[in-house]
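Text of the file protein_34.tsv, holding TSV, C-alpha atoms:
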chain	number	residue	atom	x	y	z
U	1	MET	CA	28.63	-0.62	-22.37
U	2	SER	CA	27.66	-4.28	-22.44
U	3	TYR	CA	24.71	-3.88	-20.09
U	4	ASP	CA	21.39	-2.36	-21.12
U	5	GLU	CA	21.68	1.42	-20.97
U	6	HIS	CA	19.16	4.12	-21.80
U	7	PRO	CA	19.32	6.28	-24.96
U	8	ARG	CA	20.66	9.19	-22.94
U	9	VAL	CA	24.04	7.43	-22.63
U	10	GLU	CA	26.14	6.80	-25.70
U	11	GLU	CA	27.25	3.18	-26.05
U	12	SER	CA	30.96	2.62	-25.69
U	13	GLN	CA	32.75	1.52	-28.86
U	14	SER	CA	35.51	-0.22	-26.93
U	15	SER	CA	33.45	-2.65	-24.87
U	16	PRO	CA	35.36	-5.94	-25.02
U	17	VAL	CA	32.51	-8.31	-24.27
U	18	SER	CA	28.76	-8.89	-24.49
U	19	LEU	CA	27.06	-10.37	-21.45
U	20	TYR	CA	24.85	-12.65	-23.53
U	21	GLY	CA	27.18	-13.87	-26.24
U	22	LYS	CA	27.70	-12.69	-29.81
U	23	ASP	CA	24.63	-14.37	-31.35
U	24	GLN	CA	21.45	-13.16	-29.64
U	25	GLN	CA	19.38	-15.84	-31.44
U	26	LEU	CA	21.45	-18.66	-29.95
U	27	HIS	CA	22.26	-17.12	-26.58
U	28	LEU	CA	18.89	-15.99	-25.23
U	29	PRO	CA	19.33	-14.58	-21.71
U	30	CYS	CA	16.79	-16.94	-20.13
U	31	HIS	CA	18.56	-20.01	-21.55
U	32	ASN	CA	21.73	-19.32	-19.58
U	33	VAL	CA	21.97	-21.00	-16.18
U	34	PRO	CA	24.07	-19.77	-14.54
U	35	GLY	CA	23.55	-16.47	-16.26
U	36	LEU	CA	22.24	-12.92	-16.16
U	37	TRP	CA	18.65	-12.66	-17.41
U	38	PHE	CA	18.67	-8.87	-17.43
U	39	VAL	CA	21.17	-6.14	-16.63
U	40	LYS	CA	19.90	-2.56	-16.40
U	41	LEU	CA	21.38	0.79	-15.48
U	42	GLY	CA	19.34	2.81	-12.98
U	43	LEU	CA	17.54	5.98	-14.10
U	44	ASP	CA	19.10	9.40	-13.66
U	45	GLU	CA	16.02	10.69	-11.84
U	46	LEU	CA	12.73	9.64	-10.28
U	47	GLY	CA	10.82	7.23	-12.52
U	48	THR	CA	9.95	3.60	-13.30
U	49	LEU	CA	12.52	1.29	-14.83
U	50	ASP	CA	10.92	-1.72	-16.55
U	51	CYS	CA	13.01	-4.89	-16.91
U	52	LYS	CA	11.32	-7.45	-19.14
U	53	PHE	CA	12.40	-11.03	-19.72
U	54	ASP	CA	10.76	-13.92	-21.55
U	55	ILE	CA	10.97	-17.51	-20.29
U	56	ASP	CA	10.49	-19.91	-23.19
U	57	HIS	CA	8.66	-23.23	-22.88
U	58	ASN	CA	11.76	-25.45	-22.83
U	59	THR	CA	13.44	-23.39	-20.11
U	60	ALA	CA	10.25	-23.24	-18.04
U	61	LYS	CA	9.77	-27.01	-18.32
U	62	LYS	CA	13.38	-27.75	-17.41
U	63	TRP	CA	13.25	-25.61	-14.26
U	64	ASN	CA	9.65	-26.34	-13.22
U	65	LEU	CA	8.36	-22.82	-13.88
U	66	LEU	CA	4.64	-23.14	-14.54
U	67	PRO	CA	2.61	-21.14	-17.08
U	68	LEU	CA	0.74	-18.16	-15.64
U	69	ASN	CA	-2.73	-19.75	-15.48
U	70	SER	CA	-1.78	-23.35	-14.73
U	71	PRO	CA	-2.87	-25.13	-11.50
U	72	GLY	CA	-0.28	-24.68	-8.78
U	73	SER	CA	1.12	-21.45	-10.19
U	74	HIS	CA	-0.68	-19.26	-7.65
U	75	HIS	CA	1.28	-17.74	-4.78
U	76	THR	CA	0.55	-15.11	-2.20
U	77	ASP	CA	2.58	-12.08	-1.19
U	78	ILE	CA	3.56	-13.76	2.06
U	79	VAL	CA	5.91	-16.69	1.41
U	80	PRO	CA	7.95	-18.17	4.31
U	81	LEU	CA	11.70	-18.13	3.90
U	82	LYS	CA	13.39	-21.25	2.51
U	83	THR	CA	10.14	-22.90	1.37
U	84	SER	CA	10.65	-22.80	-2.39
U	85	GLN	CA	10.85	-26.19	-4.09
U	86	LYS	CA	11.97	-24.71	-7.41
U	87	GLN	CA	15.12	-26.18	-8.93
U	88	LEU	CA	16.12	-22.70	-10.11
U	89	SER	CA	17.25	-19.73	-8.07
U	90	LEU	CA	16.42	-16.27	-9.49
U	91	GLN	CA	17.90	-13.35	-7.59
U	92	ILE	CA	17.49	-9.63	-8.22
U	93	CYS	CA	20.78	-7.93	-7.38
U	94	SER	CA	21.99	-4.35	-7.12
U	95	PHE	CA	25.62	-3.51	-7.90
U	96	SER	CA	27.89	-0.52	-8.18
U	97	ARG	CA	28.18	0.51	-11.82
U	98	GLN	CA	31.89	1.16	-11.36
U	99	LEU	CA	32.55	-2.36	-10.07
U	100	VAL	CA	30.53	-3.96	-12.87
U	101	ASP	CA	32.48	-1.94	-15.45
U	102	GLU	CA	35.74	-3.15	-13.91
U	103	ILE	CA	34.62	-6.77	-14.18
U	104	ILE	CA	33.57	-6.34	-17.80
U	105	GLN	CA	36.91	-4.76	-18.72
U	106	THR	CA	38.78	-7.80	-17.40
U	107	HIS	CA	37.05	-10.16	-19.87
U	108	ASN	CA	37.17	-10.49	-23.63
U	109	SER	CA	34.74	-11.77	-26.25
U	110	GLU	CA	35.95	-15.34	-25.75
U	111	THR	CA	34.81	-15.44	-22.12
U	112	ALA	CA	31.77	-17.67	-21.54
U	113	PRO	CA	28.64	-15.71	-20.51
U	114	GLU	CA	28.22	-17.85	-17.40
U	115	ASP	CA	31.73	-16.94	-16.23
U	116	ILE	CA	30.99	-13.24	-16.58
U	117	ALA	CA	27.71	-13.71	-14.75
U	118	LYS	CA	29.44	-15.48	-11.87
U	119	SER	CA	32.09	-12.74	-11.64
U	120	ILE	CA	29.44	-10.02	-11.45
U	121	PHE	CA	27.30	-11.94	-8.96
U	122	ALA	CA	30.34	-12.28	-6.68
U	123	LEU	CA	30.47	-8.50	-6.28
U	124	PRO	CA	29.13	-6.96	-3.06
U	125	GLN	CA	25.51	-5.88	-3.09
U	126	SER	CA	24.99	-2.11	-3.30
U	127	TRP	CA	21.32	-1.25	-2.75
U	128	PRO	CA	19.99	2.30	-2.38
U	129	ALA	CA	19.24	3.59	1.09
U	130	ALA	CA	15.84	2.80	2.62
U	131	GLY	CA	13.05	5.00	1.32
U	132	HIS	CA	14.24	5.31	-2.29
U	133	LEU	CA	13.07	2.19	-4.14
U	134	ILE	CA	10.00	0.00	-4.73
U	135	ILE	CA	10.26	-3.28	-6.64
U	136	THR	CA	7.25	-5.07	-8.12
U	137	ILE	CA	7.25	-8.44	-9.90
U	138	ASN	CA	4.66	-8.91	-12.65
U	139	PRO	CA	2.27	-6.11	-11.61
U	140	GLY	CA	-1.36	-7.05	-12.23
U	141	ALA	CA	-0.73	-10.80	-12.19
U	142	HIS	CA	-2.32	-12.98	-9.51
U	143	ASN	CA	1.07	-13.79	-8.01
U	144	THR	CA	2.54	-10.30	-8.07
U	145	ARG	CA	4.95	-9.38	-5.29
U	146	THR	CA	6.05	-5.95	-4.10
U	147	TRP	CA	8.96	-4.85	-1.88
U	148	LEU	CA	8.41	-1.45	-0.23
U	149	PRO	CA	10.97	1.35	0.34
U	150	HIS	CA	11.53	0.63	4.03
U	151	GLU	CA	12.67	-2.92	3.23
U	152	PHE	CA	15.86	-1.84	1.48
U	153	GLY	CA	19.27	-0.66	2.60
U	154	PRO	CA	22.87	-0.67	1.33
U	155	ASN	CA	23.60	-4.22	2.54
U	156	HIS	CA	20.26	-5.79	1.62
U	157	PRO	CA	20.71	-9.36	0.27
U	158	PRO	CA	19.61	-10.34	-3.24
U	159	ILE	CA	15.84	-10.75	-3.69
U	160	GLN	CA	14.57	-14.24	-4.53
U	161	ILE	CA	11.81	-14.18	-7.16
U	162	GLU	CA	11.58	-17.72	-8.60
U	163	ASP	CA	8.19	-18.21	-6.91
U	164	PHE	CA	6.75	-15.17	-8.68
U	165	VAL	CA	7.73	-15.78	-12.32
U	166	PHE	CA	6.22	-18.04	-14.95
U	167	GLU	CA	6.57	-19.25	-18.51
U	168	GLY	CA	6.19	-16.42	-21.01
U	169	ASN	CA	6.62	-12.67	-20.56
U	170	ASN	CA	7.68	-11.40	-17.15
U	171	ILE	CA	8.50	-7.92	-15.91
U	172	VAL	CA	10.28	-6.45	-12.90
U	173	GLN	CA	9.50	-2.80	-12.18
U	174	PHE	CA	12.01	-0.68	-10.28
U	175	ILE	CA	10.06	2.35	-9.08
U	176	GLN	CA	12.79	4.83	-8.26
U	177	LEU	CA	11.99	7.62	-5.84
U	178	SER	CA	15.33	9.25	-6.64
U	179	GLY	CA	18.04	9.08	-9.30
U	180	MET	CA	20.31	6.01	-9.34
U	181	PRO	CA	22.68	6.53	-12.30
U	182	GLU	CA	25.53	4.63	-10.62
U	183	THR	CA	23.45	1.54	-9.82
U	184	ILE	CA	23.20	-1.63	-11.90
U	185	PHE	CA	20.17	-3.88	-11.40
U	186	ALA	CA	20.56	-7.48	-12.56
U	187	LEU	CA	18.69	-10.78	-12.45
U	188	PHE	CA	21.01	-13.71	-11.76
U	189	ALA	CA	19.89	-17.28	-12.51
U	190	ALA	CA	21.57	-20.35	-11.04
U	191	GLU	CA	20.73	-23.93	-10.23
U	192	ARG	CA	19.53	-24.19	-6.67
U	193	VAL	CA	21.90	-26.05	-4.37
U	194	LYS	CA	20.01	-28.87	-2.67
U	195	ASP	CA	21.38	-27.91	0.75
U	196	SER	CA	19.80	-24.47	0.39
U	197	LEU	CA	16.37	-26.13	0.71
U	198	ASP	CA	17.22	-27.40	4.19
U	199	THR	CA	16.00	-25.42	7.17
U	200	THR	CA	18.40	-23.89	9.67
U	201	PRO	CA	19.04	-26.22	12.66
U	202	LEU	CA	16.80	-25.41	15.61
U	203	LEU	CA	19.67	-25.65	18.08
U	204	PRO	CA	23.35	-24.67	17.83
U	205	LEU	CA	25.98	-27.36	18.18
U	206	GLN	CA	27.05	-27.88	21.78
U	207	PRO	CA	30.42	-29.10	23.16
U	208	ALA	CA	30.40	-32.83	23.94
U	209	ASN	CA	30.98	-32.26	27.67
U	210	VAL	CA	28.06	-29.86	28.18
U	211	GLU	CA	24.74	-31.30	29.31
U	212	THR	CA	21.80	-29.85	27.47
U	213	ILE	CA	18.08	-30.33	27.33
U	214	ALA	CA	16.98	-30.38	23.69
U	215	ILE	CA	13.53	-29.79	22.35
U	216	SER	CA	12.53	-32.04	19.45
U	217	ILE	CA	9.70	-30.78	17.30
U	218	ARG	CA	7.89	-33.32	15.15
U	219	VAL	CA	5.42	-32.02	12.57
U	220	ASN	CA	2.81	-34.37	11.16
U	221	ALA	CA	-0.17	-33.57	8.97
U	222	GLY	CA	-2.53	-31.53	11.12
U	223	SER	CA	-0.54	-31.82	14.37
U	224	VAL	CA	2.62	-30.70	16.13
U	225	SER	CA	4.28	-32.84	18.81
U	226	VAL	CA	6.86	-31.46	21.24
U	227	LEU	CA	9.11	-33.97	22.98
U	228	GLN	CA	11.66	-33.21	25.71
U	229	LEU	CA	14.87	-35.15	25.34
U	230	ASN	CA	17.21	-35.35	28.36
U	231	SER	CA	20.84	-35.74	27.37
Starting from the file, give its structure as structure tokens.
Amino acid sequence: MSYDEHPRVEESQSSPVSLYGKDQQLHLPCHNVPGLWFVKLGLDELGTLDCKFDIDHNTAKKWNLLPLNSPGSHHTDIVPLKTSQKQLSLQICSFSRQLVDEIIQTHNSETAPEDIAKSIFALPQSWPAAGHLIITINPGAHNTRTWLPHEFGPNHPPIQIEDFVFEGNNIVQFIQLSGMPETIFALFAAERVKDSLDTTPLLPLQPANVETIAISIRVNAGSVSVLQLNS
């Protein structure tokens, strides 16, 4: 297979493509944006699956990923949605092994890694049922983050982790509470779309002929003002 399997599975001799290009020295996973920074097959049984990836200095500088001990690199476990100012989006995904294999078989060695990554990322998410998985980012680091078993489910969206990684060696631990041999875990990197940093509108759009009373919220440093606007 072209994703990272465990020794218990024999590697296919007919795999038509490598996810990270033919020359590992020139096509480092963490250089590819868009790209897959790791692709791992779930364990057959209960256990911990470690997914390591190294972010080199040039990549970290380009995407504003700070070194571990630099000022401003500290985060807490509780981070509000849509607050990241990173230029890079890093998403942990979970896919059906069968669907990933089908995607890989449709490409050949001439296919660009980013095209394969996009094709895989477009697949539906396939997370284990609630109660079967714990995910921890950089355990032991000051900005570690953990997702608990009750937070997951088959249709769970990808997990954003760009606020919890840094220049150098990083690790994602998948603590499996059951076997997941048909699950593929992957880390997808892409440039963040500027619009994705915008907050969701406070009010839905209303028809032009409907009178509404809107609430305008203005936030200044140290204060919040609420104004009533009569339409």
(Q) So, with all atoms listed in the file as the atoms that count, which of U:Asn108, U:Thr48, U:Val33, U:Asn155 lies closest to Leu177 of chain U? (A)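 Among the listed residues, the smallest separation from Leu177 of chain U belongs to U:Thr48.
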Close residues, segment 39-47 of chain U itself excluded, 10 Å, all atoms listed in the file, min 2 positions apart in chain, as a CSV table (one decimal) with C-alpha atoms, in the frame of the given file:
chain,number,residue,atom,x,y,z
U,2,SER,CA,27.7,-4.3,-22.4
U,3,TYR,CA,24.7,-3.9,-20.1
U,4,ASP,CA,21.4,-2.4,-21.1
U,5,GLU,CA,21.7,1.4,-21.0
U,6,HIS,CA,19.2,4.1,-21.8
U,8,ARG,CA,20.7,9.2,-22.9
U,19,LEU,CA,27.1,-10.4,-21.4
U,36,LEU,CA,22.2,-12.9,-16.2
U,37,TRP,CA,18.6,-12.7,-17.4
U,49,LEU,CA,12.5,1.3,-14.8
U,50,ASP,CA,10.9,-1.7,-16.6
U,51,CYS,CA,13.0,-4.9,-16.9
U,92,ILE,CA,17.5,-9.6,-8.2
U,93,CYS,CA,20.8,-7.9,-7.4
U,94,SER,CA,22.0,-4.4,-7.1
U,95,PHE,CA,25.6,-3.5,-7.9
U,96,SER,CA,27.9,-0.5,-8.2
U,97,ARG,CA,28.2,0.5,-11.8
U,132,HIS,CA,14.2,5.3,-2.3
U,133,LEU,CA,13.1,2.2,-4.1
U,174,PHE,CA,12.0,-0.7,-10.3
U,175,ILE,CA,10.1,2.4,-9.1
U,176,GLN,CA,12.8,4.8,-8.3
U,177,LEU,CA,12.0,7.6,-5.8
U,178,SER,CA,15.3,9.2,-6.6
U,179,GLY,CA,18.0,9.1,-9.3
U,180,MET,CA,20.3,6.0,-9.3
U,181,PRO,CA,22.7,6.5,-12.3
U,182,GLU,CA,25.5,4.6,-10.6
U,183,THR,CA,23.4,1.5,-9.8
U,184,ILE,CA,23.2,-1.6,-11.9
U,185,PHE,CA,20.2,-3.9,-11.4
U,186,ALA,CA,20.6,-7.5,-12.6
U,187,LEU,CA,18.7,-10.8,-12.4
U,188,PHE,CA,21.0,-13.7,-11.8
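Of the listed residues U:Ile104, U:Pro34, U:Ala129, U:Gly168, the one whose atoms come nearest to His150 of chain U is U:Ala129, with distances taken using all atoms listed in the file.
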Q.
Need to verify the contact set: Ser119 of chain U, 10 Å, only C-alpha atoms, exclusion of same-chain residues closer than 6 positions in sequence. Can you return it as a ChimeraX atom specification?
A. /U:100,103-104,107,113
Q.
Ranking U:Glu114, U:Asn143, U:Val172, U:Leu90 by minimum distance to Gln160 of chain U and counting all atoms listed in the file, which one comes first?
A.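 For Gln160 of chain U, the nearest of the candidates is U:Leu90.
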Q | Selection: 7 Å around Glu162 of chain U, all atoms listed in the file, excl. self and same-chain fewer than 3 positions, as a PyMOL selection string | A | chain U and resi 88-90+165
Q) To one decimal place, how far is atom CA of Phe121 of chain U from atom CA of Thr144 of chain U in Å? A) 24.8 Å
**Q.** Which residue of U:Thr59, U:Ser109, U:Asn64, U:Asn170 approaches Gly140 of chain U most closely, using all atoms listed in the file
**A.**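 Residue with the minimum atom-to-atom distance to Gly140 of chain U: U:Asn170.
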Q: Please provide as a ChimeraX atom specification all residues within 7 Å of Thr146 of chain U, with the sequence filter that same-chain residues fewer than 2 positions apart are discarded (counting all atoms listed in the file).
A: /U:135-137,144,148
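The gap separating atom CA of Phe152 of chain U from atom CA of Gly131 of chain U is 7.4 Å, in Å to one decimal.
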